[in-house]
file final.tsv (TSV, C-alpha atoms)
chain	number	residue	atom	x	y	z
A	608	GLY	CA	163.34	88.74	104.85
A	609	GLU	CA	163.13	92.41	104.01
A	610	ASN	CA	163.88	95.02	106.65
A	611	VAL	CA	163.04	98.68	106.07
A	612	GLU	CA	164.40	101.39	108.31
A	613	GLN	CA	163.01	104.91	108.28
A	614	HIS	CA	164.35	108.18	109.66
A	615	PRO	CA	163.57	110.48	111.31
A	616	SER	CA	160.73	109.29	113.51
A	617	THR	CA	159.48	112.85	113.95
A	618	LEU	CA	160.06	115.93	111.85
A	619	SER	CA	158.88	119.45	112.50
A	620	VAL	CA	159.24	122.12	109.83
A	621	GLN	CA	157.96	125.61	109.25
A	622	GLU	CA	155.34	126.13	106.58
A	623	GLY	CA	157.03	126.67	103.24
A	624	ASP	CA	160.18	124.75	104.16
A	625	SER	CA	161.16	121.42	102.65
A	626	ALA	CA	160.95	118.06	104.40
A	627	VAL	CA	163.04	114.99	103.67
A	628	ILE	CA	162.39	111.48	104.95
A	629	LYS	CA	164.86	108.68	104.33
A	630	CYS	CA	164.53	104.92	104.18
A	631	THR	CA	166.93	102.06	103.72
A	632	TYR	CA	166.10	98.49	102.79
A	633	SER	CA	167.95	95.23	103.05
A	634	ASP	CA	166.67	92.97	100.27
A	635	SER	CA	168.43	93.66	96.99
A	636	ALA	CA	165.55	91.96	95.16
A	637	SER	CA	163.14	94.73	96.19
A	638	ASN	CA	162.05	96.71	93.16
A	639	TYR	CA	158.99	98.68	94.23
A	640	PHE	CA	159.04	101.51	96.77
A	641	PRO	CA	155.79	103.30	97.61
A	642	TRP	CA	155.22	106.10	100.09
A	643	TYR	CA	152.01	106.36	102.07
A	644	LYS	CA	150.52	109.23	104.06
A	645	GLN	CA	148.33	108.31	107.01
A	646	GLU	CA	146.24	110.74	108.99
A	647	LEU	CA	145.12	109.80	112.48
A	648	GLY	CA	142.64	106.93	112.40
A	649	LYS	CA	142.52	106.85	108.62
A	650	ARG	CA	143.76	104.52	105.92
A	651	PRO	CA	147.24	104.90	104.40
A	652	GLN	CA	147.01	106.85	101.15
A	653	LEU	CA	149.52	106.23	98.37
A	654	ILE	CA	151.17	109.54	97.54
A	655	ILE	CA	153.98	108.48	95.24
A	656	ASP	CA	155.88	105.37	94.28
A	657	ILE	CA	159.01	104.48	92.40
A	658	ARG	CA	160.21	101.35	90.71
A	659	SER	CA	163.77	100.20	90.38
A	660	ASN	CA	164.13	101.14	86.75
A	661	VAL	CA	164.14	104.86	87.55
A	662	GLY	CA	166.17	106.96	89.96
A	663	GLU	CA	163.79	109.82	90.59
A	664	LYS	CA	160.13	110.63	90.21
A	665	LYS	CA	158.32	113.88	90.85
A	666	ASP	CA	154.69	114.82	91.28
A	667	GLN	CA	154.13	118.51	91.96
A	668	ARG	CA	155.56	119.21	95.44
A	669	ILE	CA	156.49	115.60	96.11
A	670	ALA	CA	159.51	113.74	94.80
A	671	VAL	CA	161.12	110.42	95.52
A	672	THR	CA	164.70	109.39	94.80
A	673	LEU	CA	166.09	105.89	94.72
A	674	ASN	CA	169.68	104.69	95.02
A	675	LYS	CA	169.69	100.95	94.36
A	676	THR	CA	173.40	100.59	94.92
A	677	ALA	CA	173.17	102.01	98.40
A	678	LYS	CA	169.70	100.52	98.97
A	679	HIS	CA	168.08	103.71	100.07
A	680	PHE	CA	165.25	105.93	98.93
A	681	SER	CA	163.96	109.28	100.08
A	682	LEU	CA	160.80	111.35	100.04
A	683	HIS	CA	161.10	115.07	99.44
A	684	ILE	CA	158.23	117.47	100.08
A	685	THR	CA	158.78	121.08	99.03
A	686	GLU	CA	156.81	124.16	100.06
A	687	THR	CA	155.22	122.30	102.94
A	688	GLN	CA	151.73	123.22	104.06
A	689	PRO	CA	149.92	122.52	107.36
A	690	GLU	CA	147.78	119.92	105.58
A	691	ASP	CA	150.94	117.93	104.90
A	692	SER	CA	151.04	117.14	108.63
A	693	ALA	CA	150.56	113.37	109.00
A	694	VAL	CA	152.52	110.16	109.46
A	695	TYR	CA	154.44	109.07	106.40
A	696	PHE	CA	155.45	105.47	105.77
A	697	CYS	CA	157.90	104.14	103.26
A	698	ALA	CA	157.60	100.55	102.09
A	699	ALA	CA	159.32	98.04	99.86
A	700	SER	CA	158.36	94.92	97.97
A	701	HIS	CA	159.47	92.82	95.02
A	702	THR	CA	157.88	90.72	92.34
A	703	GLY	CA	158.38	87.49	94.23
A	704	ARG	CA	156.84	88.83	97.42
A	705	ARG	CA	154.16	91.36	96.70
A	706	ALA	CA	153.36	92.11	100.31
A	707	LEU	CA	154.74	95.42	101.51
A	708	THR	CA	157.29	95.74	104.27
A	709	PHE	CA	156.80	99.08	105.96
A	710	GLY	CA	159.20	101.43	107.64
A	711	SER	CA	158.46	102.59	111.17
A	712	GLY	CA	156.90	105.86	110.07
A	713	THR	CA	157.72	109.57	110.32
A	714	ARG	CA	155.41	111.97	112.05
A	715	LEU	CA	155.64	115.22	110.09
A	716	GLN	CA	154.37	118.39	111.66
A	717	VAL	CA	154.22	121.55	109.59
A	718	GLN	CA	154.04	124.63	111.77
A	719	PRO	CA	152.00	127.48	110.28
B	582	GLY	CA	139.01	104.04	90.72
B	583	ALA	CA	140.79	101.57	93.03
B	584	VAL	CA	138.45	101.86	95.99
B	585	VAL	CA	138.65	99.40	98.85
B	586	SER	CA	136.00	99.22	101.54
B	587	GLN	CA	136.15	97.56	104.91
B	588	HIS	CA	133.37	96.66	107.31
B	589	PRO	CA	132.79	97.24	110.13
B	590	SER	CA	134.77	100.40	110.83
B	591	ARG	CA	134.61	99.84	114.58
B	592	VAL	CA	133.71	96.88	116.72
B	593	ILE	CA	133.67	96.33	120.44
B	594	CYS	CA	133.29	92.80	121.67
B	595	LYS	CA	133.62	90.72	124.80
B	596	SER	CA	136.61	88.51	125.41
B	597	GLY	CA	136.11	85.05	123.94
B	598	THR	CA	133.84	86.06	121.10
B	599	SER	CA	134.66	86.01	117.39
B	600	VAL	CA	134.66	88.98	115.07
B	601	LYS	CA	134.49	88.97	111.27
B	602	ILE	CA	135.93	91.80	109.20
B	603	GLU	CA	135.17	92.17	105.51
B	604	CYS	CA	137.41	93.72	102.88
B	605	ARG	CA	136.01	94.49	99.44
B	606	SER	CA	137.53	95.89	96.29
B	607	LEU	CA	134.66	97.94	94.86
B	608	ASP	CA	135.76	98.75	91.32
B	609	PHE	CA	138.40	96.19	90.49
B	610	GLN	CA	139.13	92.53	90.92
B	611	ALA	CA	141.86	91.54	93.32
B	612	THR	CA	143.31	88.06	93.21
B	613	THR	CA	145.46	89.01	96.15
B	614	MET	CA	144.57	90.93	99.28
B	615	PHE	CA	146.66	91.55	102.35
B	616	TRP	CA	145.78	91.91	106.02
B	617	TYR	CA	147.80	94.20	108.27
B	618	ARG	CA	147.60	95.06	111.94
B	619	GLN	CA	148.59	98.42	113.35
B	620	PHE	CA	149.00	99.12	117.06
B	621	PRO	CA	148.83	102.73	118.29
B	622	LYS	CA	151.68	104.89	117.03
B	623	GLN	CA	153.28	101.93	115.30
B	624	SER	CA	153.76	100.82	111.75
B	625	LEU	CA	151.68	98.40	109.73
B	626	MET	CA	152.64	94.78	110.26
B	627	LEU	CA	151.68	92.20	107.67
B	628	MET	CA	149.60	89.37	109.11
B	629	ALA	CA	148.81	87.34	106.02
B	630	THR	CA	148.47	87.28	102.28
B	631	SER	CA	145.03	86.25	101.05
B	632	ASN	CA	144.81	84.59	97.63
B	633	GLU	CA	141.49	84.06	95.89
B	634	GLY	CA	140.55	80.41	95.83
B	635	SER	CA	143.45	79.16	97.90
B	636	LYS	CA	144.72	79.15	101.46
B	637	ALA	CA	146.15	82.28	102.96
B	638	THR	CA	149.85	82.60	103.66
B	639	TYR	CA	150.53	83.70	107.21
B	640	GLU	CA	153.52	85.62	108.51
B	641	GLN	CA	155.69	84.09	111.15
B	642	GLY	CA	154.14	84.43	114.57
B	643	VAL	CA	150.58	84.90	113.33
B	644	GLU	CA	148.31	82.05	114.42
B	645	LYS	CA	146.34	80.80	111.44
B	646	ASP	CA	143.75	79.10	113.67
B	647	LYS	CA	143.10	82.35	115.49
B	648	PHE	CA	143.01	84.66	112.47
B	649	LEU	CA	140.91	82.87	109.87
B	650	ILE	CA	141.12	84.29	106.36
B	651	ASN	CA	138.78	83.47	103.52
B	652	HIS	CA	139.07	84.89	100.01
B	653	ALA	CA	136.08	83.37	98.28
B	654	SER	CA	135.76	85.82	95.41
B	655	LEU	CA	137.85	88.29	93.44
B	656	THR	CA	136.36	91.20	95.38
B	657	LEU	CA	135.99	89.92	98.93
B	658	SER	CA	138.33	88.73	101.64
B	659	THR	CA	137.30	88.19	105.25
B	660	LEU	CA	139.33	88.05	108.44
B	661	THR	CA	137.78	86.37	111.45
B	662	VAL	CA	139.40	86.92	114.82
B	663	THR	CA	138.39	83.88	116.83
B	664	SER	CA	138.17	83.82	120.61
B	665	ALA	CA	139.28	87.43	120.78
B	666	HIS	CA	141.21	88.65	123.80
B	667	PRO	CA	142.13	92.18	124.92
B	668	GLU	CA	145.61	91.83	123.40
B	669	ASP	CA	143.94	91.44	119.99
B	670	SER	CA	142.63	95.00	120.25
B	671	SER	CA	144.17	96.84	117.33
B	672	PHE	CA	143.54	98.59	114.02
B	673	TYR	CA	143.14	95.97	111.28
B	674	ILE	CA	143.66	97.19	107.73
B	675	CYS	CA	143.30	95.28	104.51
B	676	SER	CA	144.74	96.14	101.13
B	677	ALA	CA	143.86	94.91	97.67
B	678	SER	CA	146.37	94.48	94.92
B	679	LEU	CA	145.55	96.11	91.59
B	680	GLN	CA	147.54	94.77	88.67
B	681	ARG	CA	147.63	97.02	85.65
B	682	GLY	CA	150.09	97.23	82.81
B	683	GLY	CA	152.34	94.67	84.45
B	684	ARG	CA	152.48	96.77	87.61
B	685	ASP	CA	151.13	95.97	91.01
B	686	THR	CA	149.81	98.65	93.36
B	687	GLN	CA	148.20	98.18	96.76
B	688	TYR	CA	145.19	100.19	97.85
B	689	PHE	CA	144.11	100.19	101.46
B	690	GLY	CA	140.75	99.87	103.11
B	691	PRO	CA	139.73	102.39	105.79
B	692	GLY	CA	140.56	99.98	108.60
B	693	THR	CA	138.61	98.35	111.42
B	694	ARG	CA	139.26	99.35	115.00
B	695	LEU	CA	138.74	96.31	117.20
B	696	THR	CA	138.36	96.72	120.95
B	697	VAL	CA	138.11	93.57	123.04
B	698	LEU	CA	136.83	94.09	126.55

call {"tool": "encode", "arguments": {"input": "final.tsv", "output": "structure tokens"}}
result
Amino acid sequence: GENVEQHPSTLSVQEGDSAVIKCTYSDSASNYFPWYKQELGKRPQLIIDIRSNVGEKKDQRIAVTLNKTAKHFSLHITETQPEDSAVYFCAASHTGRRALTFGSGTRLQVQP
Amino acid sequence: GAVVSQHPSRVICKSGTSVKIECRSLDFQATTMFWYRQFPKQSLMLMATSNEGSKATYEQGVEKDKFLINHASLTLSTLTVTSAHPEDSSFYICSASLQRGGRDTQYFGPGTRLTVL
């Protein structure tokens, strides 16, 4: 089955800096890669997703890149703010198996 | 749009009792819902896929007789933890699959924190 690895496990940046979180996946059939933000005790919130027919997608300060050949995808947050502090999860799925396989999570802390 | 509710948000029960958790898609119909479990400071682990009108598909290692799933309508799936034990204490989160324009996106419920004494 699918295996998703996520790095780093923790990331501390200064406010205004950029943050990058990377994930790799194992199943070449995977074609959908969402990113979720989870605050303590709350539900995961979808912040951006990308499908295998594009290599990059951007939404304001957040961008995701996908390299299908290398089977990795990354989340980029620019101009970080303290409210960006949370745990971020990458995930992968494909048409034949719609359930998401999650990475282990990255705890992002933005220092004011 | 795409709101998923979950009830209860917290439950504390005695060992050996059963607990039912409801997951509802409030503004869309979901033929497929998913149940995840999340232990403290860990990732979400898929327990089962719940399909409306048919039996759930369980992940390897998840006991189907212990975690009963029913998906009786297009907006409601329930998870019953039977004969709960302290090791079942966890954060249970459901998600509902919204299919639109040939695309499939999962939206999560707020989760249920189960504590078994």

call {"tool": "interface_residues", "arguments": {"input": "final.tsv", "of": "chain B", "to": "chain A", "cutoff": "9 Å", "atoms": "all atoms listed in the file", "output": "ChimeraX atom specification"}}
result
/B:614-615,622-627,629-630,672,674,678,685-692,694

call {"tool": "residues_around", "arguments": {"input": "final.tsv", "residues": "Gln610 (chain B)", "least_positions_apart": "4", "cutoff": "10 Å", "atoms": "all atoms listed in the file", "output": "PDB file with C-alpha atoms, keeping the file's coordinate frame"}}
result
ATOM      1  CA  ALA B 583     140.790 101.570  93.030  1.00  0.00           C
ATOM      2  CA  ARG B 605     136.010  94.490  99.440  1.00  0.00           C
ATOM      3  CA  SER B 606     137.530  95.890  96.290  1.00  0.00           C
ATOM      4  CA  SER B 654     135.760  85.820  95.410  1.00  0.00           C
ATOM      5  CA  LEU B 655     137.850  88.290  93.440  1.00  0.00           C
ATOM      6  CA  THR B 656     136.360  91.200  95.380  1.00  0.00           C
ATOM      7  CA  LEU B 657     135.990  89.920  98.930  1.00  0.00           C
ATOM      8  CA  ALA B 677     143.860  94.910  97.670  1.00  0.00           C
ATOM      9  CA  SER B 678     146.370  94.480  94.920  1.00  0.00           C
ATOM     10  CA  LEU B 679     145.550  96.110  91.590  1.00  0.00           C
ATOM     11  CA  GLN B 680     147.540  94.770  88.670  1.00  0.00           C
TER      12      GLN B 680
END

call {"tool": "closest_residue", "arguments": {"input": "final.tsv", "among": "A:Gln613, A:Ser692, A:Thr672, A:Ser659", "to": "Leu715 (chain A)", "atoms": "all atoms listed in the file"}}
result
A:Ser692

call {"tool": "residues_around", "arguments": {"input": "final.tsv", "residues": "His614 (chain A)", "least_positions_apart": "6", "cutoff": "7 Å", "atoms": "all atoms listed in the file", "output": "number ranges by chain"}}
result
A: 628-630, 713

call {"tool": "atom_distance", "arguments": {"input": "final.tsv", "atom1": "CA of Ser619 (chain A)", "atom2": "CA of Ala670 (chain A)"}}
result
18.6 Å

call {"tool": "residues_around", "arguments": {"input": "final.tsv", "residues": "Pro719 (chain A)", "least_positions_apart": "4", "cutoff": "10 Å", "atoms": "all atoms listed in the file", "output": "list in words"}}
result
Val620, Gln621, Glu622, Gly623, Thr687, Gln688, Pro689 and Glu690 of chain A

call {"tool": "write_last_selection", "arguments": {"input": "final.tsv", "atoms": "C-alpha atoms", "output": "compact mmCIF listing (two decimals), in the frame of the given file"}}
result
# COMPACT_ATOMS: atom_id res chain seq x y z
CA VAL A 620 159.24 122.12 109.83
CA GLN A 621 157.96 125.61 109.25
CA GLU A 622 155.34 126.13 106.58
CA GLY A 623 157.03 126.67 103.24
CA THR A 687 155.22 122.30 102.94
CA GLN A 688 151.73 123.22 104.06
CA PRO A 689 149.92 122.52 107.36
CA GLU A 690 147.78 119.92 105.58
